[in-house]
Amino acid sequence: MNRQATGKGMVEWDGALWLSDPEDRFGFRANWKVNRILYRETSAFQEVAVVETDGFGKALVLDGIVQTTERDAFIYNEMITHIPLATHPHPEQVCLIGGGDCGAAGEAVKYPSVERVDMVEIDPKVVEVSLTHLPEISGGDPNPRIRFHYEDGAAFVERQESQYDVIAVDSSDPVGPAAVLFEKPFYRAVHRALKEDGMMVCQSESPVFHPDVMKRVHDSLRELFPFVRTYLATVPTYPGGIWSFTLASKQVDPMASVVGERLQDRDTRYVNRDVLEGCFKLPVYVKKLLDLK
Ligand code: SAM
């Protein structure tokens with residue numbers, strides 16, 4: 001066996017190129033067989049790459065970590081946008097933090113009531129590369145209701161007050177520039193930036209591989225919001241497949257206010273009324289972790 005490093009996360013293995021998770025957790029790491037590297041450059045923040053995998057289509061890779069793939073991007077992008085947008089009473093002003101692949105922004109503008117999506121991405125290179133090399137996920141030509149802001153999401157949110165109906169935090173893992181997006185001062189700023197009936201959602205990692213992160217996010221948000229609901233989806237690309245999102249709401253309990261008819265004609269591949277209602281039903285080990293009855 002010949003394992004030889006050929007770039008961040010890339011190894012040659014028996015004559016083929018593989019993208020291998022840079023770190024394993026609990027002795028587990030995922031590997032993707034790569035046919036071609038379509039783009040690779042280091043930005044001011046991270047190494048940004050697009051690769052053509054053997055079976056998952058094209059993938060966006062940041063610092064050697066697969067962020068999203070053509071095969072399953074729709075699951076994550078729909079879950080982080082449609083769940084809040086189909087449960088908020090009347091979403092008009094939306095803010096997306098991170099989400100440089102532009103897939104979530106594309107889902108948000110499927111709602112006619114959404115007048116504006118402020119997309120706050122720290123790294124313009126991720127947006128540029130996704131629009132150019134990943135139109136299958138980004139949608140290519142951005143909708144005019146999406147406004148791009150290139151800065152740290154925490155600094156942006158700090159300047160807003162009672163501005164947004166929905167804030168979705170589509171961040172990378174809590175390391176490097178994204179670490180701040182998992183901290184209490186950021187959540188306090190998000191709470192201030194939301195209107196009185198606003199809600200926020202964030203990706204909160206895996207209940208199996210990152211239970212500490214998931215629990216911390218949940219407990220921090222419970223100190224600020226009356227309704228905090230964790231929900232799950234299966235995203236094959238992420239370690240272990242099972243992925244969590246945490247929704248925090250100022251007035252409306254998302255479990256009691258499923259406005260399922262809004263999903264009709266939304267052109268979704270994953271979220272429907274059944275998923276919307278069922279995603280909040282948690283298994284025993286997750287309820288135990290979050291101290292829920
Ligand atoms: N949906 C995928 C996932 O969960 O892995 C992709 C997430 S998206 C690519 C994450 C984005 O967050 C990256 O483009 C990264 O540059 C951006 N990001 C990280 N820290 C940030 C910050 N502090 N402010 C704004 N954007 C940030």
# chains A, B, ... in the order shown; residues from 1 in each chain; ligands from 1

call {"tool": "residues_near_ligand", "arguments": {"ligand": "ligand 1", "cutoff": "7 Å", "atoms": "only C-alpha atoms and all ligand atoms", "output": "list in words"}}
result
Gln67, Thr68, Tyr76, Asn77, Ile97, Gly98, Gly99, Gly100, Asp101, Val120, Glu121, Ile122, Asp123, Val126, Glu151, Asp152, Gly153, Ala154, Asp170, Ser171, Ser172, Asp173, Pro177, Ala178, Val180, Leu181 and Gln203 of chain A

call {"tool": "write_last_selection", "arguments": {"atoms": "N, CA and C atoms", "output": "mmCIF file, in the first residue's frame"}}
result
data_model
loop_
_atom_site.group_PDB
_atom_site.id
_atom_site.type_symbol
_atom_site.label_atom_id
_atom_site.label_comp_id
_atom_site.auth_asym_id
_atom_site.auth_seq_id
_atom_site.Cartn_x
_atom_site.Cartn_y
_atom_site.Cartn_z
ATOM 1 N N GLN A 67 -17.287 19.937 2.378
ATOM 2 C CA GLN A 67 -18.384 20.757 2.911
ATOM 3 C C GLN A 67 -19.726 20.324 2.351
ATOM 4 N N THR A 68 -19.716 20.010 1.060
ATOM 5 C CA THR A 68 -20.981 19.679 0.415
ATOM 6 C C THR A 68 -20.675 19.003 -0.919
ATOM 7 N N TYR A 76 -29.078 18.961 3.174
ATOM 8 C CA TYR A 76 -28.652 19.949 4.164
ATOM 9 C C TYR A 76 -29.251 21.327 3.855
ATOM 10 N N ASN A 77 -29.158 21.744 2.603
ATOM 11 C CA ASN A 77 -29.611 23.097 2.250
ATOM 12 C C ASN A 77 -31.112 23.275 2.461
ATOM 13 N N ILE A 97 -25.614 33.333 7.575
ATOM 14 C CA ILE A 97 -24.219 33.514 7.978
ATOM 15 C C ILE A 97 -23.432 32.325 7.434
ATOM 16 N N GLY A 98 -22.348 32.585 6.710
ATOM 17 C CA GLY A 98 -21.589 31.501 6.065
ATOM 18 C C GLY A 98 -22.291 31.119 4.771
ATOM 19 N N GLY A 99 -22.394 29.803 4.556
ATOM 20 C CA GLY A 99 -23.182 29.339 3.396
ATOM 21 C C GLY A 99 -22.607 29.730 2.057
ATOM 22 N N GLY A 100 -21.279 29.855 1.975
ATOM 23 C CA GLY A 100 -20.623 30.331 0.754
ATOM 24 C C GLY A 100 -20.907 29.517 -0.494
ATOM 25 N N ASP A 101 -21.368 28.275 -0.324
ATOM 26 C CA ASP A 101 -21.691 27.482 -1.522
ATOM 27 C C ASP A 101 -22.983 27.966 -2.179
ATOM 28 N N VAL A 120 -23.885 36.627 4.551
ATOM 29 C CA VAL A 120 -22.666 37.166 5.153
ATOM 30 C C VAL A 120 -21.611 36.063 5.207
ATOM 31 N N GLU A 121 -20.727 36.090 4.268
ATOM 32 C CA GLU A 121 -19.703 35.045 4.130
ATOM 33 C C GLU A 121 -18.333 35.696 4.322
ATOM 34 N N ILE A 122 -17.530 35.076 5.171
ATOM 35 C CA ILE A 122 -16.226 35.691 5.469
ATOM 36 C C ILE A 122 -15.266 35.619 4.274
ATOM 37 N N ASP A 123 -15.441 34.607 3.428
ATOM 38 C CA ASP A 123 -14.446 34.336 2.385
ATOM 39 C C ASP A 123 -15.046 34.475 0.980
ATOM 40 N N VAL A 126 -14.882 31.542 -1.603
ATOM 41 C CA VAL A 126 -15.797 30.387 -1.584
ATOM 42 C C VAL A 126 -17.007 30.676 -2.480
ATOM 43 N N GLU A 151 -17.719 39.584 5.146
ATOM 44 C CA GLU A 151 -17.098 39.904 6.433
ATOM 45 C C GLU A 151 -17.440 38.818 7.446
ATOM 46 N N ASP A 152 -16.842 38.915 8.607
ATOM 47 C CA ASP A 152 -17.120 37.956 9.689
ATOM 48 C C ASP A 152 -18.592 38.094 10.105
ATOM 49 N N GLY A 153 -19.303 36.980 10.110
ATOM 50 C CA GLY A 153 -20.727 36.988 10.434
ATOM 51 C C GLY A 153 -21.001 37.532 11.823
ATOM 52 N N ALA A 154 -20.097 37.268 12.777
ATOM 53 C CA ALA A 154 -20.302 37.739 14.150
ATOM 54 C C ALA A 154 -20.234 39.265 14.193
ATOM 55 N N ASP A 170 -25.157 28.896 8.591
ATOM 56 C CA ASP A 170 -24.687 27.780 7.757
ATOM 57 C C ASP A 170 -23.161 27.807 7.785
ATOM 58 N N SER A 171 -22.617 27.445 8.933
ATOM 59 C CA SER A 171 -21.174 27.605 9.142
ATOM 60 C C SER A 171 -20.430 26.302 8.893
ATOM 61 N N SER A 172 -19.136 26.422 8.770
ATOM 62 C CA SER A 172 -18.299 25.233 8.787
ATOM 63 C C SER A 172 -18.135 24.786 10.243
ATOM 64 N N ASP A 173 -17.319 23.765 10.466
ATOM 65 C CA ASP A 173 -17.146 23.211 11.818
ATOM 66 C C ASP A 173 -16.569 24.274 12.771
ATOM 67 N N PRO A 177 -12.115 30.343 11.650
ATOM 68 C CA PRO A 177 -12.999 31.519 11.674
ATOM 69 C C PRO A 177 -14.424 31.204 12.105
ATOM 70 N N ALA A 178 -14.835 29.940 12.029
ATOM 71 C CA ALA A 178 -16.220 29.589 12.383
ATOM 72 C C ALA A 178 -16.404 29.385 13.882
ATOM 73 N N VAL A 180 -16.165 31.267 16.426
ATOM 74 C CA VAL A 180 -16.901 32.358 17.063
ATOM 75 C C VAL A 180 -18.423 32.215 16.880
ATOM 76 N N LEU A 181 -18.827 31.498 15.819
ATOM 77 C CA LEU A 181 -20.260 31.342 15.517
ATOM 78 C C LEU A 181 -20.931 30.293 16.414
ATOM 79 N N GLN A 203 -26.485 24.968 12.117
ATOM 80 C CA GLN A 203 -26.089 23.557 12.039
ATOM 81 C C GLN A 203 -25.332 23.281 13.327
#

call {"tool": "residues_around", "arguments": {"residues": "stretch 19-27 of chain A", "least_positions_apart": "2", "cutoff": "6 Å", "atoms": "only C-alpha atoms", "output": "list in words"}}
result
Gly9, Met10, Arg29, Ala30, Asn31 and Trp32 of chain A

call {"tool": "select_by_dssp", "arguments": {"residues": "stretch 16-229 of chain A", "states": "alpha helix (DSSP H)", "output": "VMD selection string"}}
result
chain A and resid 73 to 85 103 to 108 124 to 133 135 to 138 153 to 158 184 to 193 211 to 222

call {"tool": "closest_residue", "arguments": {"among": "A:Glu223, A:Ile80, A:Gln163, A:Pro207", "to": "A:Lys184", "atoms": "only C-alpha atoms"}}
result
A:Glu223

call {"tool": "closest_residue", "arguments": {"among": "A:Leu276, A:Val117, A:Val127, A:Leu263", "to": "A:Ala49", "atoms": "only C-alpha atoms"}}
result
A:Val127

call {"tool": "residues_around", "arguments": {"residues": "A:Val201", "least_positions_apart": "2", "cutoff": "6 Å", "atoms": "only C-alpha atoms", "output": "mmCIF file with N, CA and C atoms, in the first residue's frame"}}
result
data_model
loop_
_atom_site.group_PDB
_atom_site.id
_atom_site.type_symbol
_atom_site.label_atom_id
_atom_site.label_comp_id
_atom_site.auth_asym_id
_atom_site.auth_seq_id
_atom_site.Cartn_x
_atom_site.Cartn_y
_atom_site.Cartn_z
ATOM 1 N N ALA A 168 -30.109 32.222 9.629
ATOM 2 C CA ALA A 168 -29.639 30.834 9.518
ATOM 3 C C ALA A 168 -28.117 30.836 9.501
ATOM 4 N N THR A 246 -30.154 23.211 15.193
ATOM 5 C CA THR A 246 -30.851 23.711 16.375
ATOM 6 C C THR A 246 -31.584 24.999 16.009
ATOM 7 N N LEU A 247 -32.883 24.994 16.261
ATOM 8 C CA LEU A 247 -33.730 26.145 15.939
ATOM 9 C C LEU A 247 -34.138 26.821 17.244
#

call {"tool": "closest_residue", "arguments": {"among": "A:Tyr111, A:Val166, A:Val217, A:Met79", "to": "A:Phe280", "atoms": "only C-alpha atoms"}}
result
A:Met79

call {"tool": "select_by_dssp", "arguments": {"residues": "stretch 240-282 of chain A", "states": "strand (DSSP E)", "output": "VMD selection string"}}
result
chain A and resid 242 to 249

call {"tool": "residues_around", "arguments": {"residues": "stretch 138-141 of chain A", "least_positions_apart": "4", "cutoff": "9 Å", "atoms": "only C-alpha atoms", "output": "ChimeraX atom specification"}}
result
/A:100-106,127,130-134

call {"tool": "write_last_selection", "arguments": {"atoms": "N, CA and C atoms", "output": "PDB file, in the first residue's frame"}}
result
ATOM      1  N   GLY A 100     -21.279  29.855   1.975  1.00  0.00           N
ATOM      2  CA  GLY A 100     -20.623  30.331   0.754  1.00  0.00           C
ATOM      3  C   GLY A 100     -20.907  29.517  -0.494  1.00  0.00           C
ATOM      4  N   ASP A 101     -21.368  28.275  -0.324  1.00  0.00           N
ATOM      5  CA  ASP A 101     -21.691  27.482  -1.522  1.00  0.00           C
ATOM      6  C   ASP A 101     -22.983  27.966  -2.179  1.00  0.00           C
ATOM      7  N   CYS A 102     -23.706  28.864  -1.509  1.00  0.00           N
ATOM      8  CA  CYS A 102     -24.911  29.543  -2.023  1.00  0.00           C
ATOM      9  C   CYS A 102     -26.127  28.633  -2.159  1.00  0.00           C
ATOM     10  N   GLY A 103     -26.017  27.363  -1.762  1.00  0.00           N
ATOM     11  CA  GLY A 103     -27.156  26.451  -1.887  1.00  0.00           C
ATOM     12  C   GLY A 103     -28.310  26.845  -0.977  1.00  0.00           C
ATOM     13  N   ALA A 104     -28.012  27.234   0.266  1.00  0.00           N
ATOM     14  CA  ALA A 104     -29.074  27.610   1.204  1.00  0.00           C
ATOM     15  C   ALA A 104     -29.751  28.899   0.742  1.00  0.00           C
ATOM     16  N   ALA A 105     -28.980  29.840   0.234  1.00  0.00           N
ATOM     17  CA  ALA A 105     -29.563  31.106  -0.254  1.00  0.00           C
ATOM     18  C   ALA A 105     -30.544  30.819  -1.385  1.00  0.00           C
ATOM     19  N   GLY A 106     -30.183  29.887  -2.250  1.00  0.00           N
ATOM     20  CA  GLY A 106     -31.066  29.503  -3.364  1.00  0.00           C
ATOM     21  C   GLY A 106     -32.376  28.914  -2.867  1.00  0.00           C
ATOM     22  N   VAL A 127     -17.527  31.901  -2.389  1.00  0.00           N
ATOM     23  CA  VAL A 127     -18.693  32.266  -3.218  1.00  0.00           C
ATOM     24  C   VAL A 127     -18.295  32.261  -4.689  1.00  0.00           C
ATOM     25  N   SER A 130     -17.792  28.755  -5.953  1.00  0.00           N
ATOM     26  CA  SER A 130     -19.045  27.985  -6.022  1.00  0.00           C
ATOM     27  C   SER A 130     -19.906  28.440  -7.196  1.00  0.00           C
ATOM     28  N   LEU A 131     -19.967  29.762  -7.418  1.00  0.00           N
ATOM     29  CA  LEU A 131     -20.768  30.252  -8.541  1.00  0.00           C
ATOM     30  C   LEU A 131     -20.168  29.797  -9.872  1.00  0.00           C
ATOM     31  N   THR A 132     -18.842  29.724  -9.937  1.00  0.00           N
ATOM     32  CA  THR A 132     -18.176  29.370 -11.200  1.00  0.00           C
ATOM     33  C   THR A 132     -18.094  27.861 -11.412  1.00  0.00           C
ATOM     34  N   HIS A 133     -17.647  27.138 -10.379  1.00  0.00           N
ATOM     35  CA  HIS A 133     -17.354  25.709 -10.564  1.00  0.00           C
ATOM     36  C   HIS A 133     -18.427  24.770 -10.034  1.00  0.00           C
ATOM     37  N   LEU A 134     -19.366  25.314  -9.249  1.00  0.00           N
ATOM     38  CA  LEU A 134     -20.395  24.442  -8.666  1.00  0.00           C
ATOM     39  C   LEU A 134     -21.809  24.976  -8.910  1.00  0.00           C
TER      40      LEU A 134
END

call {"tool": "closest_residue", "arguments": {"among": "A:Arg71, A:Arg188, A:Lys125, A:Lys195", "to": "A:Arg269", "atoms": "only C-alpha atoms"}}
result
A:Arg71
